[in-house]
Structure formats: structure tokens, C-alpha cells
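As provided, final_25.txt (compact mmCIF, C-alpha atoms (C1' of nucleotides)) reads as follows.
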```txt
# COMPACT_ATOMS: atom_id res chain seq x y z
CA MET A 1 -5.85 20.12 -2.74
CA VAL A 2 -4.40 16.66 -2.34
CA ASP A 3 -3.67 15.29 1.12
CA LEU A 4 -0.66 13.02 0.86
CA ILE A 5 0.73 11.11 3.81
CA GLY A 6 3.15 8.28 4.43
CA GLU A 7 6.74 7.34 3.72
CA TYR A 8 7.78 5.06 0.87
CA HIS A 9 11.17 3.64 -0.14
CA HIS A 10 11.56 3.61 -3.91
CA LYS A 11 14.36 3.57 -6.46
CA VAL A 12 15.36 5.91 -9.24
CA ASP A 13 16.27 3.78 -12.26
CA ALA A 14 19.25 4.27 -14.55
CA LYS A 15 17.25 6.66 -16.71
CA GLY A 16 16.22 8.92 -13.84
CA ARG A 17 12.68 7.61 -13.61
CA LEU A 18 10.91 7.20 -10.29
CA SER A 19 7.67 5.34 -9.81
CA LEU A 20 5.26 7.08 -7.46
CA PRO A 21 3.41 5.31 -4.68
CA ALA A 22 0.14 4.00 -6.02
CA LYS A 23 -1.70 5.75 -3.22
CA PHE A 24 -0.34 9.09 -4.41
CA ARG A 25 -1.16 8.41 -8.05
CA LYS A 26 -4.80 7.90 -7.18
CA ASP A 27 -5.02 11.49 -5.97
CA LEU A 28 -2.55 13.36 -8.17
CA SER A 29 -3.05 14.98 -11.55
CA LYS A 30 -1.00 13.70 -14.47
CA ASP A 31 1.08 16.86 -14.71
CA LEU A 32 3.42 17.66 -11.86
CA VAL A 33 6.17 20.13 -11.03
CA VAL A 34 9.40 19.01 -9.43
CA THR A 35 11.44 21.64 -7.60
CA VAL A 36 14.20 21.98 -5.05
CA ASP A 37 13.40 22.56 -1.40
CA PRO A 38 14.90 26.01 -0.64
CA GLN A 39 16.91 24.40 2.17
CA GLU A 40 18.23 21.97 -0.42
CA ASN A 41 17.47 18.92 1.65
CA CYS A 42 15.07 17.27 -0.75
CA LEU A 43 12.92 17.79 -3.81
CA TYR A 44 9.33 18.96 -3.65
CA VAL A 45 6.70 17.73 -6.09
CA PHE A 46 3.55 19.79 -6.55
CA GLU A 47 0.56 19.85 -8.79
CA PRO A 48 1.17 22.81 -11.13
CA ASP A 49 -1.35 25.17 -9.50
CA ASP A 50 -0.07 24.43 -6.05
CA PHE A 51 3.48 25.09 -7.16
CA ASN A 52 2.46 28.58 -8.25
CA LEU A 53 0.63 29.18 -5.00
CA TRP A 54 3.73 28.11 -3.17
CA VAL A 55 5.94 30.51 -5.10
CA GLN A 56 3.47 33.33 -4.46
CA SER A 57 3.41 32.56 -0.77
CA PHE A 58 6.92 33.96 -0.48
CA PHE A 59 5.65 37.43 -1.36
CA GLU A 60 2.46 37.55 0.64
CA GLU A 61 4.00 39.05 3.73
CA ASP A 62 5.35 42.15 2.04
CA GLY A 63 2.44 43.14 -0.08
CA GLY A 64 2.55 40.59 -2.84
CA PHE A 65 4.85 40.30 -5.78
CA ASN A 66 6.07 43.62 -7.10
CA SER A 67 7.45 43.39 -10.61
CA ARG A 68 9.78 46.34 -10.04
CA ASN A 69 11.20 45.04 -6.79
CA GLN A 70 14.58 43.61 -7.73
CA GLN A 71 14.65 41.24 -4.79
CA HIS A 72 11.25 39.84 -5.70
CA ILE A 73 12.37 39.30 -9.26
CA ALA A 74 15.49 37.53 -8.08
CA ILE A 75 13.57 35.28 -5.72
CA ARG A 76 11.10 34.32 -8.38
CA ARG A 77 13.88 33.68 -10.88
CA GLU A 78 15.62 31.27 -8.54
CA LEU A 79 12.47 29.42 -7.54
CA LYS A 80 11.27 29.03 -11.09
CA SER A 81 14.66 28.09 -12.49
CA ARG A 82 14.97 25.18 -10.11
CA ALA A 83 11.67 23.69 -11.22
CA VAL A 84 10.69 21.44 -14.07
CA ASP A 85 7.35 20.09 -15.14
CA THR A 86 6.89 16.44 -15.77
CA GLU A 87 4.17 13.93 -16.57
CA ILE A 88 3.29 10.65 -14.94
CA ASP A 89 3.92 8.00 -17.61
CA GLY A 90 1.97 4.83 -18.33
CA SER A 91 3.84 2.93 -15.63
CA GLY A 92 3.17 5.54 -12.95
CA ARG A 93 6.65 7.05 -13.12
CA ILE A 94 8.01 10.58 -13.37
CA ASN A 95 11.35 11.85 -14.55
CA VAL A 96 13.65 13.31 -11.96
CA PRO A 97 16.20 15.18 -14.07
CA ALA A 98 19.87 14.86 -13.23
CA ASN A 99 20.36 18.55 -12.53
CA LEU A 100 17.69 18.52 -9.82
CA ARG A 101 19.02 15.30 -8.38
CA ARG A 102 22.42 16.88 -7.99
CA TRP A 103 21.07 19.70 -5.81
CA VAL A 104 20.00 17.24 -3.16
CA GLU A 105 22.46 14.41 -3.79
CA ILE A 106 19.88 11.89 -4.86
CA ASP A 107 21.45 8.72 -6.17
CA LYS A 108 19.38 5.58 -6.47
CA ASP A 109 17.62 4.87 -3.19
CA VAL A 110 15.12 7.53 -2.24
CA VAL A 111 12.41 8.08 0.33
CA ILE A 112 9.13 9.61 -0.79
CA ILE A 113 7.24 11.49 1.91
CA GLY A 114 3.71 12.82 1.66
CA ASN A 115 3.57 16.26 3.22
CA THR A 116 -0.09 17.16 2.80
CA GLY A 117 -0.32 19.37 -0.30
CA TYR A 118 2.83 18.06 -1.97
CA PHE A 119 5.34 15.26 -1.57
CA GLU A 120 9.07 15.20 -0.97
CA ILE A 121 11.84 13.10 -2.47
CA TRP A 122 14.81 12.49 -0.20
CA ASP A 123 18.04 10.64 -0.74
CA ALA A 124 17.53 7.61 1.48
CA LYS A 125 20.78 8.04 3.40
CA ARG A 126 20.21 11.72 4.05
CA ARG A 127 16.68 11.02 5.22
CA GLU A 128 17.90 8.45 7.72
CA SER A 129 20.57 10.71 9.17
CA THR A 130 18.16 13.64 9.39
CA LYS A 131 15.57 11.50 11.08
CA LYS A 132 18.00 10.53 13.79
CA THR A 133 18.64 14.14 14.69
CA VAL A 134 14.94 14.99 14.92
CA ASP A 135 13.32 14.23 18.23
CA LEU A 136 9.68 14.68 17.46
CA ALA A 137 8.49 14.39 21.03
CA SER A 138 10.73 17.22 22.18
CA LEU A 139 9.69 19.35 19.20
CA LEU A 140 6.07 18.88 20.14
CA PHE A 141 6.09 19.00 23.91
CA SER A 142 8.93 21.27 24.93
CA MET B 1 -16.71 12.17 16.53
CA VAL B 2 -16.62 8.52 17.57
CA ASP B 3 -16.56 7.57 21.23
CA LEU B 4 -14.54 4.39 21.59
CA ILE B 5 -13.99 2.59 24.89
CA GLY B 6 -12.68 -0.73 26.09
CA GLU B 7 -9.62 -2.93 25.77
CA TYR B 8 -9.39 -5.89 23.37
CA HIS B 9 -6.68 -8.51 22.85
CA HIS B 10 -6.21 -9.28 19.15
CA LYS B 11 -3.52 -10.67 16.88
CA VAL B 12 -1.66 -9.25 13.89
CA ASP B 13 -1.39 -12.03 11.30
CA ALA B 14 1.61 -12.89 9.15
CA LYS B 15 0.53 -10.39 6.51
CA GLY B 16 0.26 -7.50 8.94
CA ARG B 17 -3.51 -7.56 9.15
CA LEU B 18 -5.41 -6.74 12.34
CA SER B 19 -9.10 -7.27 12.81
CA LEU B 20 -10.83 -4.49 14.67
CA PRO B 21 -13.26 -5.06 17.53
CA ALA B 22 -16.74 -5.39 16.09
CA LYS B 23 -17.94 -2.71 18.46
CA PHE B 24 -15.47 -0.24 16.95
CA ARG B 25 -16.37 -1.18 13.39
CA LYS B 26 -19.98 -0.27 13.98
CA ASP B 27 -18.96 3.33 14.66
CA LEU B 28 -15.93 3.88 12.45
CA SER B 29 -15.74 5.03 8.85
CA LYS B 30 -14.25 2.66 6.31
CA ASP B 31 -11.17 4.83 5.78
CA LEU B 32 -8.77 5.21 8.67
CA VAL B 33 -5.34 6.66 9.35
CA VAL B 34 -2.76 4.76 11.38
CA THR B 35 0.04 6.78 12.92
CA VAL B 36 2.71 6.60 15.61
CA ASP B 37 2.11 8.07 19.03
CA PRO B 38 4.74 10.86 19.34
CA GLN B 39 5.99 9.20 22.53
CA GLU B 40 6.42 6.03 20.47
CA ASN B 41 4.57 3.83 22.90
CA CYS B 42 1.78 2.72 20.62
CA LEU B 43 -0.01 3.39 17.36
CA TYR B 44 -2.99 5.73 17.07
CA VAL B 45 -5.82 5.09 14.65
CA PHE B 46 -7.99 8.03 13.61
CA GLU B 47 -10.70 8.75 11.15
CA PRO B 48 -9.01 10.84 8.43
CA ASP B 49 -10.55 14.19 9.41
CA ASP B 50 -9.70 13.68 13.05
CA PHE B 51 -6.13 12.84 12.14
CA ASN B 52 -5.77 16.17 10.35
CA LEU B 53 -7.30 18.02 13.28
CA TRP B 54 -4.86 16.27 15.55
CA VAL B 55 -1.88 17.28 13.40
CA GLN B 56 -3.12 20.87 13.27
CA SER B 57 -3.52 20.96 17.02
CA PHE B 58 0.25 21.05 17.35
CA PHE B 59 0.42 24.44 15.61
CA GLU B 60 -0.85 27.41 17.57
CA GLU B 61 -0.89 29.77 14.62
CA ASP B 62 -1.75 27.81 11.56
CA GLY B 63 -0.42 28.81 8.19
CA GLY B 64 -1.81 25.73 6.48
CA PHE B 65 0.38 24.07 3.94
CA ASN B 66 1.61 27.49 2.89
CA SER B 67 3.35 27.95 6.19
CA ARG B 68 7.01 28.53 5.51
CA ASN B 69 7.93 28.26 9.16
CA GLN B 70 10.69 25.69 8.99
CA GLN B 71 9.86 24.13 12.30
CA HIS B 72 6.24 23.73 11.28
CA ILE B 73 7.25 22.08 8.04
CA ALA B 74 9.55 19.71 9.91
CA ILE B 75 6.92 18.78 12.48
CA ARG B 76 4.34 18.22 9.82
CA ARG B 77 6.78 16.13 7.81
CA GLU B 78 7.49 13.86 10.76
CA LEU B 79 3.84 13.50 11.73
CA LYS B 80 2.66 12.83 8.21
CA SER B 81 5.49 10.52 7.28
CA ARG B 82 4.72 8.28 10.21
CA ALA B 83 1.15 7.86 9.05
CA VAL B 84 -0.57 5.71 6.50
CA ASP B 85 -4.12 5.55 5.36
CA THR B 86 -5.87 2.24 5.25
CA GLU B 87 -9.29 0.76 4.61
CA ILE B 88 -11.28 -1.71 6.62
CA ASP B 89 -11.50 -4.81 4.42
CA GLY B 90 -14.37 -7.25 3.97
CA SER B 91 -13.34 -9.17 7.08
CA GLY B 92 -13.19 -6.10 9.29
CA ARG B 93 -9.41 -5.87 9.23
CA ILE B 94 -6.89 -3.10 8.58
CA ASN B 95 -3.29 -3.25 7.50
CA VAL B 96 -0.68 -2.30 10.05
CA PRO B 97 2.41 -1.83 7.88
CA ALA B 98 5.73 -3.23 9.02
CA ASN B 99 7.45 0.16 9.19
CA LEU B 100 4.87 1.45 11.67
CA ARG B 101 4.98 -1.73 13.71
CA ARG B 102 8.72 -1.34 14.10
CA TRP B 103 8.36 2.08 15.75
CA VAL B 104 6.43 0.62 18.63
CA GLU B 105 7.77 -2.94 18.60
CA ILE B 106 4.51 -4.58 17.75
CA ASP B 107 4.91 -8.26 17.01
CA LYS B 108 1.87 -10.50 17.00
CA ASP B 109 -0.11 -10.03 20.18
CA VAL B 110 -1.57 -6.56 20.56
CA VAL B 111 -3.99 -4.73 22.78
CA ILE B 112 -6.52 -2.40 21.21
CA ILE B 113 -7.71 0.41 23.44
CA GLY B 114 -10.54 2.81 22.73
CA ASN B 115 -9.54 6.32 23.74
CA THR B 116 -12.63 8.37 22.93
CA GLY B 117 -11.98 9.96 19.52
CA TYR B 118 -9.45 7.38 18.35
CA PHE B 119 -8.09 4.01 19.38
CA GLU B 120 -4.63 2.78 20.25
CA ILE B 121 -2.73 -0.36 19.30
CA TRP B 122 -0.19 -1.55 21.85
CA ASP B 123 2.23 -4.43 21.84
CA ALA B 124 0.65 -6.72 24.42
CA LYS B 125 3.81 -7.10 26.51
CA ARG B 126 4.54 -3.40 26.56
CA ARG B 127 0.98 -2.67 27.55
CA GLU B 128 1.22 -5.02 30.51
CA SER B 129 4.48 -3.57 31.77
CA THR B 130 3.26 0.00 31.30
CA LYS B 131 0.10 -0.77 33.14
CA LYS B 132 2.05 -1.91 36.16
CA THR B 133 3.92 1.38 36.42
CA VAL B 134 0.78 3.50 36.22
CA ASP B 135 -1.08 4.14 39.45
CA LEU B 136 -4.44 5.44 38.35
CA ALA B 137 -5.53 6.48 41.81
CA SER B 138 -2.54 8.73 42.30
CA LEU B 139 -2.97 10.14 38.80
CA LEU B 140 -6.51 11.07 39.68
CA PHE B 141 -6.23 12.30 43.23
CA SER B 142 -2.78 13.74 43.72
C1' DA C 1 -27.31 -26.16 32.57
C1' DT C 2 -27.20 -27.60 27.66
C1' DT C 3 -27.70 -27.15 23.07
C1' DG C 4 -28.02 -24.51 18.87
C1' DC C 5 -27.03 -20.64 16.21
C1' DA C 6 -24.87 -16.57 14.74
C1' DA C 7 -21.24 -13.52 14.95
C1' DA C 8 -16.37 -12.55 15.67
C1' DG C 9 -11.67 -13.45 15.04
C1' DT C 10 -7.97 -15.89 12.64
C1' DG C 11 -5.44 -18.30 9.04
C1' DG C 12 -4.36 -19.74 4.31
C1' DG C 13 -4.51 -20.01 -0.73
C1' DA C 14 -5.59 -17.74 -5.09
C1' DT C 15 -5.55 -13.62 -7.56
C1' DA C 16 -4.39 -8.96 -8.58
C1' DA C 17 -1.59 -4.98 -8.26
C1' DA C 18 2.72 -2.44 -7.43
C1' DG C 19 7.44 -1.68 -8.25
C1' DT C 20 11.50 -2.40 -10.97
C1' DG C 21 14.51 -3.50 -14.72
C1' DG C 22 15.35 -4.20 -19.57
C1' DC C 23 14.41 -3.92 -24.44
C1' DA C 24 12.71 -1.59 -28.48
C1' DT C 25 11.19 2.29 -30.74
C1' DA C 26 11.04 7.27 -31.27
C1' DA C 27 12.97 11.78 -30.80
C1' DA C 28 16.75 15.04 -30.50
C1' DC C 29 21.27 16.51 -31.33
C1' DT C 30 25.78 16.72 -33.88
C1' DA D 1 23.29 9.63 -41.29
C1' DG D 2 24.95 8.33 -36.90
C1' DT D 3 25.08 8.86 -32.10
C1' DT D 4 22.91 9.84 -28.06
C1' DT D 5 18.99 10.63 -25.15
C1' DA D 6 14.38 10.03 -24.02
C1' DT D 7 9.90 7.60 -24.10
C1' DG D 8 6.87 3.77 -24.33
C1' DC D 9 6.15 -1.01 -23.72
C1' DC D 10 6.62 -5.56 -21.87
C1' DA D 11 8.04 -9.00 -18.32
C1' DC D 12 9.60 -10.50 -13.95
C1' DT D 13 9.44 -10.35 -8.84
C1' DT D 14 7.48 -9.09 -4.80
C1' DT D 15 3.84 -7.44 -2.12
C1' DA D 16 -0.81 -6.62 -1.13
C1' DT D 17 -5.75 -7.76 -1.56
C1' DC D 18 -9.66 -10.70 -1.93
C1' DC D 19 -12.17 -14.63 -0.78
C1' DC D 20 -13.24 -18.71 1.58
C1' DA D 21 -12.99 -21.83 5.57
C1' DC D 22 -12.01 -23.13 10.28
C1' DT D 23 -12.24 -22.11 15.27
C1' DT D 24 -13.82 -19.73 19.09
C1' DT D 25 -16.89 -16.86 21.53
C1' DG D 26 -21.15 -15.01 23.05
C1' DC D 27 -26.05 -15.06 23.21
C1' DA D 28 -30.60 -17.27 23.32
C1' DA D 29 -34.00 -20.53 23.66
C1' DT D 30 -35.17 -24.77 25.45
```
Let me see the structure of the file written as C-alpha cells.
Amino acid sequence: MVDLIGEYHHKVDAKGRLSLPAKFRKDLSKDLVVTVDPQENCLYVFEPDDFNLWVQSFFEEDGGFNSRNQQHIAIRRELKSRAVDTEIDGSGRINVPANLRRWVEIDKDVVIIGNTGYFEIWDAKRRESTKKTVDLASLLFS
Amino acid sequence: MVDLIGEYHHKVDAKGRLSLPAKFRKDLSKDLVVTVDPQENCLYVFEPDDFNLWVQSFFEEDGGFNSRNQQHIAIRRELKSRAVDTEIDGSGRINVPANLRRWVEIDKDVVIIGNTGYFEIWDAKRRESTKKTVDLASLLFS
DNA sequence: ATTGCAAAGTGGGATAAAGTGGCATAAACT
DNA sequence: AGTTTATGCCACTTTATCCCACTTTGCAAT
């Protein structure tokens, strides 16, 4: 699995394309899956296999996915419907479709954050205001 | 794990480069991770594996990247976003990116301190003023 | 001590790479 | 076919990286 770290300020162009940090490109496969963070704060970008592992992880606690469990089916429907697969193009960019951008109010300026096995795309303004409310030291040491 | 000791006064150049003490270079791997001390007093520099161990040490029960515990995800996001990986170049220097320097108000003059498994980078002035407020004897014997 | 030498640390210029925007071509849709 | 949307390609700007050279420091041998 990839191990992505760091925070990068990039821009989504008029066509919805976003160039990835070169350091991420070195490690990532060409095919990626973009999806919406369930809290709807940002977008998550996975390698395809890791996206599926992530979806599955929501069923692990109660005995794995059960195809007759209506709640399981509904969860999977929502997770999968908010995802799209994309390819890194020759200039190192991916498409961030408008419908996904709308979920998390991404406009032009975004912050890309490596979060170990995947990376996140935040609207720059939202990221800044969230950061201010997070006191890491108190999270860690209280 | 490395065992770094000592205090060295170095300078960050106009391009954000910092040469490491030769004694550290002898022991360190080429790849390193620079991150912000959670107290925001200085920067920490780890070997990549030790950085990940350090991040994990903040989680008692570890669900790996599959952990859906929202607080865990947030902590990991903050820790990983404040980090960057870097390589020691041909002149024995690493990059200390501007966004990390801003967290701990590093300008030009810095103090590099070996702290066993990692080393720290302090703004020289802050290091001096902090040193004055620390009474080692009372830390040790009270 | 003094000198010589090598290593360490620092700075600057040249080169390469990354990120971004725009144009042109190709594909899809009506 | 015409309009719109998407994709690939090229070019500009900025940033990072590489390489070389100067200065200082530390060590060693005389």
C-alpha cells in the first residue's frame, strides 16, 4: 500500500482537472478512484483495490457484507454511487467531476493531503477553517 | 535505530536547504521525514520507518488505515499533513519547506539537536530562550 | 606553536522538473 | 451536421535540484 504524506496547495482548472503532487505520482498507480468522505468534508482518492477494501471495512464489524441485509445493500449503494474512477493523464492530472466537487464545495483552490493509504482533496478555505478548530496537542495529550 | 546526540548551529539558506551535521549523516538513511513537533516548538526529523512508528504510538488500539474512528482519522490527518519526506542531497543537505518552517518560526539560524532516535531543528533564538526557562537539575531531581 | 591538508558548511548559478493555463483535436450528444 | 464536452498536447512561469566554488573548521604532522 502507498504511504502518502504532506500537504500541497494546488488548483483545479476550468475543466475540472487537478494535477497531483509529483511525490504522490511516483508511488500511485495510473488508475485511481475518487470518492466522497462520508462526513462530506473532502474527497478521498484511493487506488482501486484500496477503495474496495475501504468499502468492505464498513461491514467487518458485523460479520461481513450480507447481500440480503437491506442496510448493507443501502450502505454499499451510497458508497459506490459517490465514487468515480479516473486515470492520471500525461501531465499528471486527474479529473475531479463536478458532481463530486459539489458535495464538498470544491471550487478552484484546493489542498491535497496525504493520509497514508489514500489522499484527500479539500477546498482550501474549508481546510483552513477546519485546521483552526483542531488543536492537535490537546487531541494527543489530553 | 539511530542514536543521535549533540547540538549544532547551522543555517538554512535562501532556498530552504539545511546541511546536516556530518556525524548525523554517517548514521542516517538517505530518506528522511521532516515533521512538526505537536507542541509546535521545533521540527522533528525521523527515518521514515521511525516516523510511522511515532505516528502509530498515538493510537492505543490500532486499526491501521482501515480505522474508521473519526478521531483517529483526524489525528492521523494532522500528523501526516504536517510532514514531508526529503532526501539528503549530494552536499549533505535536506530541504526544510517553507510551510513547515512557518509552524515553528524558523528563519535562518537554527540549532540541530540529536534526541536519540531522531533529531530536532529549532529556531536559534527560540532555543536560547527556551533553554533559559528550563532548569535541568530540578527536572531531574524534584 | 605553525603549517598543511582534508573535511564540513555555505552560497550561487545553471539546469531540470513541477504546476498551470490555453489551444487544438477527438469524442459524445442532440 | 452542429454543438458541446472531454482529452491530449504544447508552452509559459515558477520552483526545486544539481553541481561547482569559496570559506571555515578541525586534525595532524612537523
Onto chain A, please fit chain B by least squares using all C-alpha atoms in order, then return the transformed chain as a compact mmCIF listing (two decimals) with C-alpha atoms, in the coordinates of the input.
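Contents of part.txt, freshly written:
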```txt
# COMPACT_ATOMS: atom_id res chain seq x y z
CA MET B 1 -5.79 20.05 -2.10
CA VAL B 2 -4.37 16.54 -1.87
CA ASP B 3 -3.66 14.97 1.50
CA LEU B 4 -0.66 12.70 1.13
CA ILE B 5 0.76 10.59 3.96
CA GLY B 6 3.23 7.78 4.40
CA GLU B 7 6.81 6.90 3.56
CA TYR B 8 7.82 4.75 0.58
CA HIS B 9 11.20 3.40 -0.53
CA HIS B 10 11.57 3.59 -4.32
CA LYS B 11 14.36 3.71 -6.88
CA VAL B 12 15.35 6.25 -9.52
CA ASP B 13 16.31 4.31 -12.65
CA ALA B 14 19.22 5.00 -14.98
CA LYS B 15 17.12 7.43 -17.00
CA GLY B 16 16.11 9.50 -14.00
CA ARG B 17 12.62 8.08 -13.75
CA LEU B 18 10.84 7.54 -10.43
CA SER B 19 7.61 5.66 -10.03
CA LEU B 20 5.21 7.23 -7.59
CA PRO B 21 3.39 5.29 -4.89
CA ALA B 22 0.12 4.05 -6.31
CA LYS B 23 -1.71 5.62 -3.40
CA PHE B 24 -0.37 9.04 -4.38
CA ARG B 25 -1.21 8.57 -8.04
CA LYS B 26 -4.85 8.01 -7.22
CA ASP B 27 -5.06 11.53 -5.79
CA LEU B 28 -2.61 13.54 -7.88
CA SER B 29 -3.14 15.36 -11.15
CA LYS B 30 -1.17 14.22 -14.16
CA ASP B 31 0.93 17.39 -14.26
CA LEU B 32 3.30 18.01 -11.39
CA VAL B 33 6.08 20.41 -10.47
CA VAL B 34 9.33 19.18 -8.93
CA THR B 35 11.40 21.71 -7.04
CA VAL B 36 14.20 21.96 -4.49
CA ASP B 37 13.44 22.42 -0.82
CA PRO B 38 14.98 25.84 0.04
CA GLN B 39 17.00 24.13 2.78
CA GLU B 40 18.30 21.79 0.08
CA ASN B 41 17.54 18.64 2.00
CA CYS B 42 15.10 17.10 -0.42
CA LEU B 43 12.90 17.72 -3.43
CA TYR B 44 9.29 18.87 -3.16
CA VAL B 45 6.64 17.77 -5.62
CA PHE B 46 3.52 19.90 -5.97
CA GLU B 47 0.52 20.09 -8.18
CA PRO B 48 1.14 23.13 -10.41
CA ASP B 49 -1.35 25.46 -8.71
CA ASP B 50 -0.06 24.58 -5.28
CA PHE B 51 3.49 25.24 -6.40
CA ASN B 52 2.53 28.77 -7.43
CA LEU B 53 0.73 29.35 -4.15
CA TRP B 54 3.82 28.16 -2.35
CA VAL B 55 6.07 30.56 -4.28
CA GLN B 56 3.68 33.43 -3.61
CA SER B 57 3.61 32.64 0.08
CA PHE B 58 7.14 33.98 0.36
CA PHE B 59 5.98 37.48 -0.61
CA GLU B 60 3.96 39.37 1.96
CA GLU B 61 2.86 42.10 -0.41
CA ASP B 62 2.44 40.60 -3.81
CA GLY B 63 3.05 42.65 -6.90
CA GLY B 64 2.64 39.67 -9.21
CA PHE B 65 5.03 39.42 -12.08
CA ASN B 66 4.92 43.19 -12.39
CA SER B 67 6.69 43.58 -9.10
CA ARG B 68 9.86 45.53 -9.69
CA ASN B 69 11.14 44.89 -6.20
CA GLN B 70 14.58 43.54 -6.96
CA GLN B 71 14.63 41.17 -4.05
CA HIS B 72 11.29 39.73 -5.08
CA ILE B 73 12.50 39.21 -8.61
CA ALA B 74 15.63 37.48 -7.33
CA ILE B 75 13.71 35.20 -4.98
CA ARG B 76 11.25 34.31 -7.66
CA ARG B 77 14.07 33.65 -10.11
CA GLU B 78 15.77 31.24 -7.73
CA LEU B 79 12.56 29.43 -6.81
CA LYS B 80 11.37 29.10 -10.37
CA SER B 81 14.72 28.16 -11.82
CA ARG B 82 15.02 25.26 -9.43
CA ALA B 83 11.72 23.85 -10.60
CA VAL B 84 10.62 21.78 -13.53
CA ASP B 85 7.24 20.61 -14.62
CA THR B 86 6.72 16.99 -15.41
CA GLU B 87 3.97 14.56 -16.31
CA ILE B 88 3.13 11.20 -14.85
CA ASP B 89 3.78 8.72 -17.66
CA GLY B 90 1.88 5.57 -18.58
CA SER B 91 3.78 3.56 -15.97
CA GLY B 92 3.07 5.99 -13.16
CA ARG B 93 6.53 7.54 -13.22
CA ILE B 94 7.88 11.09 -13.30
CA ASN B 95 11.21 12.43 -14.44
CA VAL B 96 13.56 13.71 -11.78
CA PRO B 97 16.09 15.66 -13.85
CA ALA B 98 19.78 15.32 -13.09
CA ASN B 99 20.25 18.99 -12.22
CA LEU B 100 17.62 18.78 -9.48
CA ARG B 101 18.99 15.51 -8.17
CA ARG B 102 22.39 17.10 -7.77
CA TRP B 103 21.04 19.78 -5.41
CA VAL B 104 19.99 17.20 -2.89
CA GLU B 105 22.45 14.42 -3.70
CA ILE B 106 19.88 11.94 -4.84
CA ASP B 107 21.44 8.86 -6.36
CA LYS B 108 19.36 5.74 -6.80
CA ASP B 109 17.63 4.85 -3.57
CA VAL B 110 15.11 7.44 -2.43
CA VAL B 111 12.43 7.82 0.17
CA ILE B 112 9.12 9.38 -0.82
CA ILE B 113 7.25 11.09 1.98
CA GLY B 114 3.72 12.43 1.85
CA ASN B 115 3.56 15.80 3.57
CA THR B 116 -0.11 16.75 3.27
CA GLY B 117 -0.34 19.10 0.27
CA TYR B 118 2.80 17.86 -1.46
CA PHE B 119 5.31 15.05 -1.20
CA GLU B 120 9.04 14.97 -0.67
CA ILE B 121 11.81 12.95 -2.30
CA TRP B 122 14.82 12.25 -0.11
CA ASP B 123 18.06 10.47 -0.78
CA ALA B 124 17.59 7.31 1.27
CA LYS B 125 20.87 7.66 3.18
CA ARG B 126 20.30 11.30 4.02
CA ARG B 127 16.80 10.52 5.20
CA GLU B 128 18.09 7.87 7.58
CA SER B 129 20.76 10.10 9.07
CA THR B 130 18.37 13.03 9.40
CA LYS B 131 15.83 10.85 11.08
CA LYS B 132 18.32 9.90 13.75
CA THR B 133 18.97 13.52 14.69
CA VAL B 134 15.29 14.39 15.00
CA ASP B 135 13.62 13.69 18.32
CA LEU B 136 9.94 13.91 17.57
CA ALA B 137 8.87 13.80 21.19
CA SER B 138 10.95 16.82 22.11
CA LEU B 139 9.76 18.64 19.00
CA LEU B 140 6.20 18.08 20.12
CA PHE B 141 6.37 18.60 23.84
CA SER B 142 9.15 21.04 24.58
```
Identify every residue of chain D that has at least one atom within 10 Å of any atom of chain A, counting all atoms listed in the file, and report the result as a VMD selection string.
chain D and resid 5 to 9
Expressed in Å to a single decimal, how great is the separation between CA of Lys26 (chain A) and CA of Leu53 (chain B)?
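Result for CA of Lys26 (chain A) versus CA of Leu53 (chain B): 23.0 Å, one decimal.
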Here's a test: counting all atoms listed in the file, identify every protein, DNA and RNA residue with an atom at most 12 Å from (11.5, -7.9, -21.0) in the file's coordinate frame, and state them as a list in words.
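Every residue inside that radius is included here: DT20, DG21, DG22, DC23 and DA24 of chain C; DC9, DC10, DA11 and DC12 of chain D.
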Neighbours of Asp135 (chain A) within 12 Å (only C-alpha atoms (C1' of nucleotides); same-chain residues fewer than 5 positions away dropped), as an MDAnalysis selection string?
(chainID A and resid 130 140:142) or (chainID B and resid 38:40 74:75 78:79)
For DT25 (chain D), find every residue with an atom within 10 Å (counting all atoms listed in the file), except residues of its own chain fewer than 2 positions away, and show them as a list in words.
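What passes the distance filter is DA7, DA8 and DG9 of chain C; DT23 and DC27 of chain D.
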Hey, which of C:DT25, C:DG4, C:DT10, C:DG19 ends up closest to chain B? Count all atoms listed in the file.
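Closest residue, counting all atoms listed in the file: C:DT10.
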Return as CSV the residues of chain B lying at most 10 Å from chain A, together with the closest atom-to-atom pair for each and the distance in Å to one decimal, counting only C-alpha atoms, with rows in chain order and ascending residue number.
```
residue,atom,partner,partner_atom,distance
B:Val33,CA,A:Ile5,CA,9.3
B:Val34,CA,A:Gly6,CA,9.8
B:Thr35,CA,A:Gly6,CA,9.2
B:Asp37,CA,A:Ala137,CA,9.2
B:Pro38,CA,A:Ala137,CA,5.4
B:Gln39,CA,A:Ala137,CA,6.0
B:Glu40,CA,A:Ala137,CA,8.6
B:Asn52,CA,A:Thr116,CA,9.5
B:Phe58,CA,A:Leu140,CA,6.8
B:Phe59,CA,A:Leu140,CA,9.1
B:Gly64,CA,A:Gly117,CA,9.4
B:Phe65,CA,A:Gly117,CA,6.4
B:Asn66,CA,A:Trp54,CA,6.4
B:Ser67,CA,A:Ser57,CA,8.3
B:Arg68,CA,A:Phe58,CA,8.1
B:Gln70,CA,A:Gln39,CA,9.3
B:Gln71,CA,A:Leu139,CA,8.4
B:His72,CA,A:Leu139,CA,9.7
B:Ile73,CA,A:Asn115,CA,8.4
B:Ala74,CA,A:Val134,CA,8.7
B:Ile75,CA,A:Leu136,CA,7.0
B:Arg76,CA,A:Asn115,CA,6.9
B:Arg77,CA,A:Asn115,CA,5.6
B:Glu78,CA,A:Leu136,CA,7.1
B:Leu79,CA,A:Leu136,CA,8.3
B:Lys80,CA,A:Ile5,CA,5.1
B:Ser81,CA,A:Gly6,CA,4.3
B:Arg82,CA,A:Gly6,CA,6.0
B:Ala83,CA,A:Gly6,CA,5.1
B:Val84,CA,A:Gly6,CA,5.0
B:Asp85,CA,A:Ile5,CA,7.5
B:Asn99,CA,A:Glu7,CA,9.1
```
Using Å and a single decimal, report how far C1' of DA18 (chain C) sits from CA of Arg101 (chain B).
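These two atoms are separated by 21.3 Å.
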Could you list, as a ChimeraX atom specification, the residues of chain A having an atom within 12 Å of chain C when counting only C-alpha atoms (C1' of nucleotides)?
/A:8-15,17-23,25,91-93
Would you pick out the contacts of Glu47 (chain B) at 7 Å or less, using all atoms listed in the file, so that residues sharing its chain but fewer than 4 positions from it are not included, and give the list as a ChimeraX atom specification?
/B:29,31-33,51
Could you work out how far CA of Val104 (chain A) lies from CA of Asn41 (chain A), giving the answer in Å with one decimal?
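One can read the CA of Asn41 (chain A) to CA of Val104 (chain A) distance as 5.7 Å.
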Nearest to Gly16 (chain B) among B:Val2, B:Asn95, B:Asp107, B:Ser129, with distances taken over all atoms listed in the file: which residue is it?
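Residue with the minimum atom-to-atom distance to Gly16 (chain B): B:Asn95.
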What's the 9 Å shell around Ile106 (chain A), counting all atoms listed in the file, without same-chain residues fewer than 5 positions away, as a VMD selection string?
chain A and resid 12 42 98 100 to 101 121 to 124 126
As AutoDock Vina command-line options, please report the centre and edge lengths, rounded to one decimal in Å, of the axis-aligned box that holds all listed atoms of region 4-11 of chain C with 4 Å of padding on each of the six sides.
```
--center_x -16.7 --center_y -18.5 --center_z 14.0 --size_x 30.6 --size_y 20.0 --size_z 17.8
```
